[in-house]
Protein chains: 2
Amino acid sequence: MKDRINRLMAIRKLITFNRIRSQEELMGKLEKKGFRVTQATLSRDLKFLKVTRRYDEKGRLYYVMPESLHREEATSQSPLRFDEGFVSLEFSGSLGVLKTLPGYASSFAIRIDRAAKFEILGTVAGDDTILIIPRDGVPVKDIRSSLKMIFPDLEEKL
Amino acid sequence: MKDRINRLMAIRKLITFNRIRSQEELMGKLEKKGFRVTQATLSRDLKFLKVTRRYDEKGRLYYVMPESLHREEATSQSPLRFDEGFVSLEFSGSLGVLKTLPGYASSFAIRIDRAAKFEILGTVAGDDTILIIPRDGVPVKDIRSSLKMIFPDLEEKL
DNA sequence: ATAAAAAATGTATATATTTGCAAAATAAAA
DNA sequence: TTTTATTTTGCAAATATATACATTTTTTAT
């Protein structure tokens, strides 16, 4: 059912851009966007998305998407630019094929995997090509925007 | 007061080396070590230590120290069992995406290929991901059961 | 289209965690 | 030491989250 997927996406966005402190609060925000479900469903959704909670500066708990746990680690030290080596991105059906210069494929794939985007089920990297397998039912444009978030430097090329 | 500090240290150690799933459980383990406090105190201790919770492979929550969020799977020291590197299996359409710990993909793929199941047309293995391509028209559940036959130890996870 | 199977959800409830408040323990000041 | 302030803790109650079970919705197969 498409409604569930849409809701999961909405939850992800809400959690990413707000400090949501309880499932009740999340329920309220979802309702404003037209998603009407109970707290129990949200409990299941959060589990599905592997959402965890963290303490903010004031010691209050709020929800975080798992990817942002990784992001800081990845961005903290490495000043590497990641647009180096990129060649092209095209889709065949829903499958994405990202081409790189020889030898660069795995470094791109690792970034994608680390980001652990909900929309992307997995990648398989060869030497200069990555196959990107989207989660069932996720449209191409969502994959593109995921990739843009992972590779902000490539914004225009993706 | 020294007792509290000692207890906090003990908590840190317990959480780092065990999968503690509730404050009650933690209370029990602490008691065995001579620390006798109520669950309410542990709630405060965990907040103080900024301990968070995560979902394990089976979707159960357990406590993690904030540092170990970064360390990840680094400490895979134990001798690996045959099925040890398995992480997850999901499908996108009819394509299967099997994730493994880094480096283990090909060992899984080889076993799949060796089994030469009719239902599985072939596999493509990266470093930690295998793409499983089913024969045209073969339903997901048949792929799953093929994989169960190939990896009997993973019965529950597939 | 209809039946059968699987997935998603709500309701009510169980389980788990947090917190206000008062008491006890510890540290600091007189 | 005695007094006073601060920190720690327990208790009980409030919040918050998870889940068993029944029902509805969606998907798959016939």
# chains A, B, ... in the order shown; residues from 1 in each chain; ligands from 1

call {"tool": "residues_around", "arguments": {"residues": "range 3-15 of chain B", "least_positions_apart": "4", "cutoff": "12 Å", "atoms": "only C-alpha atoms (C1' of nucleotides)", "output": "MDAnalysis selection string"}}
result
(chainID B and resid 19:23 25:37 41:54 62:68) or (chainID C and resid 25:26) or (chainID D and resid 7:9)

call {"tool": "write_last_selection", "arguments": {"atoms": "N, CA and C atoms (P, O5', C5', C4', C3', O3' and C1' of nucleotides)", "output": "short mmCIF file (atom, residue, chain, number, x, y, z; two decimals), in the first residue's frame"}}
result
data_model
loop_
_atom_site.label_atom_id
_atom_site.label_comp_id
_atom_site.auth_asym_id
_atom_site.auth_seq_id
_atom_site.Cartn_x
_atom_site.Cartn_y
_atom_site.Cartn_z
N ARG B 19 24.41 -7.00 25.75
CA ARG B 19 23.25 -6.38 25.12
C ARG B 19 22.17 -6.26 26.18
N ILE B 20 22.18 -5.14 26.83
CA ILE B 20 21.21 -4.91 27.90
C ILE B 20 19.96 -4.31 27.30
N ARG B 21 18.84 -4.90 27.63
CA ARG B 21 17.62 -4.52 26.93
C ARG B 21 16.63 -3.72 27.76
N SER B 22 16.89 -3.59 29.04
CA SER B 22 15.99 -2.77 29.86
C SER B 22 16.72 -2.36 31.13
N GLN B 23 16.15 -1.39 31.78
CA GLN B 23 16.74 -0.91 33.02
C GLN B 23 16.59 -1.96 34.12
N GLU B 25 16.83 -5.15 33.63
CA GLU B 25 17.90 -6.10 33.39
C GLU B 25 19.22 -5.54 33.92
N LEU B 26 19.44 -4.29 33.63
CA LEU B 26 20.65 -3.64 34.10
C LEU B 26 20.70 -3.67 35.63
N MET B 27 19.57 -3.44 36.24
CA MET B 27 19.47 -3.45 37.69
C MET B 27 19.93 -4.81 38.25
N GLY B 28 19.45 -5.84 37.61
CA GLY B 28 19.83 -7.18 38.03
C GLY B 28 21.33 -7.40 37.96
N LYS B 29 21.92 -7.03 36.85
CA LYS B 29 23.34 -7.25 36.67
C LYS B 29 24.16 -6.42 37.65
N LEU B 30 23.67 -5.23 37.91
CA LEU B 30 24.38 -4.38 38.86
C LEU B 30 24.32 -4.97 40.27
N GLU B 31 23.21 -5.53 40.57
CA GLU B 31 23.04 -6.09 41.91
C GLU B 31 24.05 -7.20 42.16
N LYS B 32 24.27 -7.99 41.12
CA LYS B 32 25.26 -9.06 41.25
C LYS B 32 26.65 -8.51 41.52
N LYS B 33 26.86 -7.29 41.10
CA LYS B 33 28.15 -6.67 41.33
C LYS B 33 28.16 -5.83 42.60
N GLY B 34 27.08 -5.91 43.33
CA GLY B 34 27.05 -5.22 44.61
C GLY B 34 26.46 -3.82 44.59
N PHE B 35 25.97 -3.39 43.44
CA PHE B 35 25.33 -2.09 43.39
C PHE B 35 23.83 -2.27 43.50
N ARG B 36 23.27 -1.70 44.54
CA ARG B 36 21.86 -1.92 44.75
C ARG B 36 21.12 -0.59 44.65
N VAL B 37 20.51 -0.36 43.52
CA VAL B 37 19.73 0.86 43.32
C VAL B 37 18.42 0.53 42.61
N THR B 41 16.79 5.34 39.53
CA THR B 41 18.15 5.86 39.55
C THR B 41 18.88 5.51 38.25
N LEU B 42 18.62 4.33 37.77
CA LEU B 42 19.28 3.94 36.52
C LEU B 42 18.81 4.81 35.37
N SER B 43 17.55 5.15 35.39
CA SER B 43 17.06 6.06 34.35
C SER B 43 17.89 7.34 34.37
N ARG B 44 18.14 7.84 35.56
CA ARG B 44 18.94 9.07 35.66
C ARG B 44 20.40 8.83 35.26
N ASP B 45 20.91 7.70 35.64
CA ASP B 45 22.30 7.38 35.28
C ASP B 45 22.47 7.30 33.77
N LEU B 46 21.53 6.66 33.13
CA LEU B 46 21.65 6.48 31.68
C LEU B 46 21.55 7.82 30.98
N LYS B 47 20.71 8.66 31.51
CA LYS B 47 20.61 10.00 30.94
C LYS B 47 21.94 10.73 31.11
N PHE B 48 22.50 10.60 32.30
CA PHE B 48 23.77 11.25 32.57
C PHE B 48 24.86 10.77 31.62
N LEU B 49 24.86 9.49 31.37
CA LEU B 49 25.88 8.91 30.49
C LEU B 49 25.52 9.09 29.00
N LYS B 50 24.37 9.67 28.76
CA LYS B 50 23.89 9.83 27.39
C LYS B 50 23.79 8.50 26.64
N VAL B 51 23.41 7.51 27.37
CA VAL B 51 23.23 6.21 26.74
C VAL B 51 21.97 6.24 25.89
N THR B 52 22.08 5.65 24.70
CA THR B 52 20.90 5.60 23.83
C THR B 52 20.57 4.15 23.55
N ARG B 53 19.53 3.95 22.80
CA ARG B 53 19.16 2.58 22.46
C ARG B 53 19.14 2.39 20.96
N ARG B 54 19.38 1.16 20.59
CA ARG B 54 19.37 0.79 19.19
C ARG B 54 18.60 -0.49 18.98
N TYR B 62 18.35 -2.37 22.48
CA TYR B 62 19.36 -2.56 23.51
C TYR B 62 20.11 -1.26 23.70
N TYR B 63 20.73 -1.12 24.85
CA TYR B 63 21.42 0.12 25.16
C TYR B 63 22.82 0.17 24.54
N VAL B 64 23.20 1.35 24.11
CA VAL B 64 24.57 1.54 23.61
C VAL B 64 25.17 2.82 24.18
N MET B 65 26.45 2.75 24.48
CA MET B 65 27.18 3.94 24.90
C MET B 65 27.33 4.85 23.68
N PRO B 66 27.30 6.12 23.89
CA PRO B 66 27.37 7.02 22.72
C PRO B 66 28.62 6.84 21.87
N GLU B 67 29.77 6.54 22.47
CA GLU B 67 30.97 6.37 21.63
C GLU B 67 30.81 5.20 20.69
N SER B 68 30.23 4.13 21.19
CA SER B 68 30.20 2.91 20.38
C SER B 68 29.26 3.06 19.19
P DA C 25 20.87 7.52 55.04
"O5'" DA C 25 21.89 8.30 54.09
"C5'" DA C 25 21.99 7.89 52.74
"C4'" DA C 25 22.99 8.79 52.03
"C3'" DA C 25 24.33 8.93 52.77
"O3'" DA C 25 25.36 8.74 51.81
"C1'" DA C 25 23.42 11.07 52.30
P DT C 26 26.88 8.66 52.29
"O5'" DT C 26 27.42 10.08 51.84
"C5'" DT C 26 27.27 10.46 50.48
"C4'" DT C 26 27.63 11.92 50.33
"C3'" DT C 26 28.98 12.31 50.95
"O3'" DT C 26 29.80 12.75 49.90
"C1'" DT C 26 27.29 13.91 51.43
P DT D 7 24.84 20.60 43.64
"O5'" DT D 7 24.77 19.05 44.02
"C5'" DT D 7 25.88 18.46 44.67
"C4'" DT D 7 25.55 17.02 44.98
"C3'" DT D 7 24.97 16.24 43.79
"O3'" DT D 7 25.71 15.03 43.69
"C1'" DT D 7 23.59 15.99 45.69
P DT D 8 25.40 13.98 42.55
"O5'" DT D 8 24.50 12.95 43.34
"C5'" DT D 8 25.05 12.29 44.46
"C4'" DT D 8 24.01 11.36 45.07
"C3'" DT D 8 23.36 10.40 44.07
"O3'" DT D 8 23.52 9.08 44.57
"C1'" DT D 8 21.73 11.48 45.39
P DT D 9 23.06 7.85 43.74
"O5'" DT D 9 21.61 7.59 44.33
"C5'" DT D 9 21.48 7.21 45.71
"C4'" DT D 9 20.03 7.16 46.08
"C3'" DT D 9 19.16 6.29 45.19
"O3'" DT D 9 18.89 5.09 45.89
"C1'" DT D 9 18.08 8.33 45.83
#

call {"tool": "select_by_dssp", "arguments": {"residues": "range 8-39 of chain A", "states": "helix (DSSP H, G or I)", "output": "PyMOL selection string"}}
result
chain A and resi 8-17+23-32+39

call {"tool": "select_by_dssp", "arguments": {"residues": "range 92-158 of chain B", "states": "strand (DSSP E or B)", "output": "ChimeraX atom specification"}}
result
/B:92,95-100,120-125,129-134

call {"tool": "write_last_selection", "arguments": {"atoms": "C-alpha atoms", "output": "mmCIF file, in the first residue's frame"}}
result
data_model
loop_
_atom_site.group_PDB
_atom_site.id
_atom_site.type_symbol
_atom_site.label_atom_id
_atom_site.label_comp_id
_atom_site.auth_asym_id
_atom_site.auth_seq_id
_atom_site.Cartn_x
_atom_site.Cartn_y
_atom_site.Cartn_z
ATOM 1 C CA SER B 92 13.341 -5.005 -4.700
ATOM 2 C CA LEU B 95 15.816 -8.825 -7.263
ATOM 3 C CA GLY B 96 17.350 -9.971 -4.032
ATOM 4 C CA VAL B 97 19.858 -7.903 -2.148
ATOM 5 C CA LEU B 98 21.831 -9.823 0.422
ATOM 6 C CA LYS B 99 24.024 -7.803 2.715
ATOM 7 C CA THR B 100 27.006 -9.157 4.569
ATOM 8 C CA ILE B 120 18.515 -18.485 -9.161
ATOM 9 C CA LEU B 121 19.870 -17.305 -12.436
ATOM 10 C CA GLY B 122 22.990 -15.802 -11.007
ATOM 11 C CA THR B 123 24.578 -13.501 -8.514
ATOM 12 C CA VAL B 124 26.786 -10.442 -8.555
ATOM 13 C CA ALA B 125 28.900 -9.877 -5.510
ATOM 14 C CA THR B 129 26.449 -6.868 -0.981
ATOM 15 C CA ILE B 130 25.223 -9.544 -3.327
ATOM 16 C CA LEU B 131 22.669 -9.038 -5.994
ATOM 17 C CA ILE B 132 20.634 -12.173 -6.525
ATOM 18 C CA ILE B 133 18.981 -12.448 -9.879
ATOM 19 C CA PRO B 134 16.127 -14.919 -9.982
#

call {"tool": "residues_around", "arguments": {"residues": "DA5 in chain D", "least_positions_apart": "6", "cutoff": "10 Å", "atoms": "only C-alpha atoms (C1' of nucleotides)", "output": "PyMOL selection string"}}
result
chain C and resi 27-29

call {"tool": "closest_atom_pairs", "arguments": {"of": "chain D", "to": "chain B", "cutoff": "12 Å", "atoms": "only C-alpha atoms (C1' of nucleotides)", "output": "Markdown table"}}
result
| residue | atom | partner | partner_atom | distance |
| --- | --- | --- | --- | --- |
| D:DT6 | C1' | B:Met1 | CA | 11.9 |
| D:DT7 | C1' | B:Met1 | CA | 8.8 |
| D:DT8 | C1' | B:Arg4 | CA | 8.4 |
| D:DT9 | C1' | B:Thr41 | CA | 6.7 |
| D:DG10 | C1' | B:Thr38 | CA | 7.2 |
| D:DC11 | C1' | B:Ala40 | CA | 9.4 |
| D:DA12 | C1' | B:Ala40 | CA | 11.0 |
| D:DT17 | C1' | B:Leu61 | CA | 11.4 |
| D:DA18 | C1' | B:Arg60 | CA | 10.4 |
| D:DT28 | C1' | B:Pro139 | CA | 10.7 |

call {"tool": "atom_distance", "arguments": {"atom1": "CA of Pro139 in chain B", "atom2": "CA of Gly85 in chain B"}}
result
25.4 Å

call {"tool": "interface_residues", "arguments": {"of": "chain C", "to": "chain B", "cutoff": "8 Å", "atoms": "only C-alpha atoms (C1' of nucleotides)", "output": "VMD selection string"}}
result
chain C and resid 16 to 18 26

call {"tool": "atom_distance", "arguments": {"atom1": "CA of Asp127 in chain B", "atom2": "CA of Ala105 in chain B"}}
result
5.4 Å

call {"tool": "closest_residue", "arguments": {"among": "A:Ala115, A:Arg135, A:Thr16, A:Glu57", "to": "chain B", "atoms": "only C-alpha atoms"}}
result
A:Arg135

call {"tool": "closest_residue", "arguments": {"among": "A:Arg114, A:Phe17, A:Ala109, A:Gly126", "to": "chain B", "atoms": "only C-alpha atoms"}}
result
A:Gly126
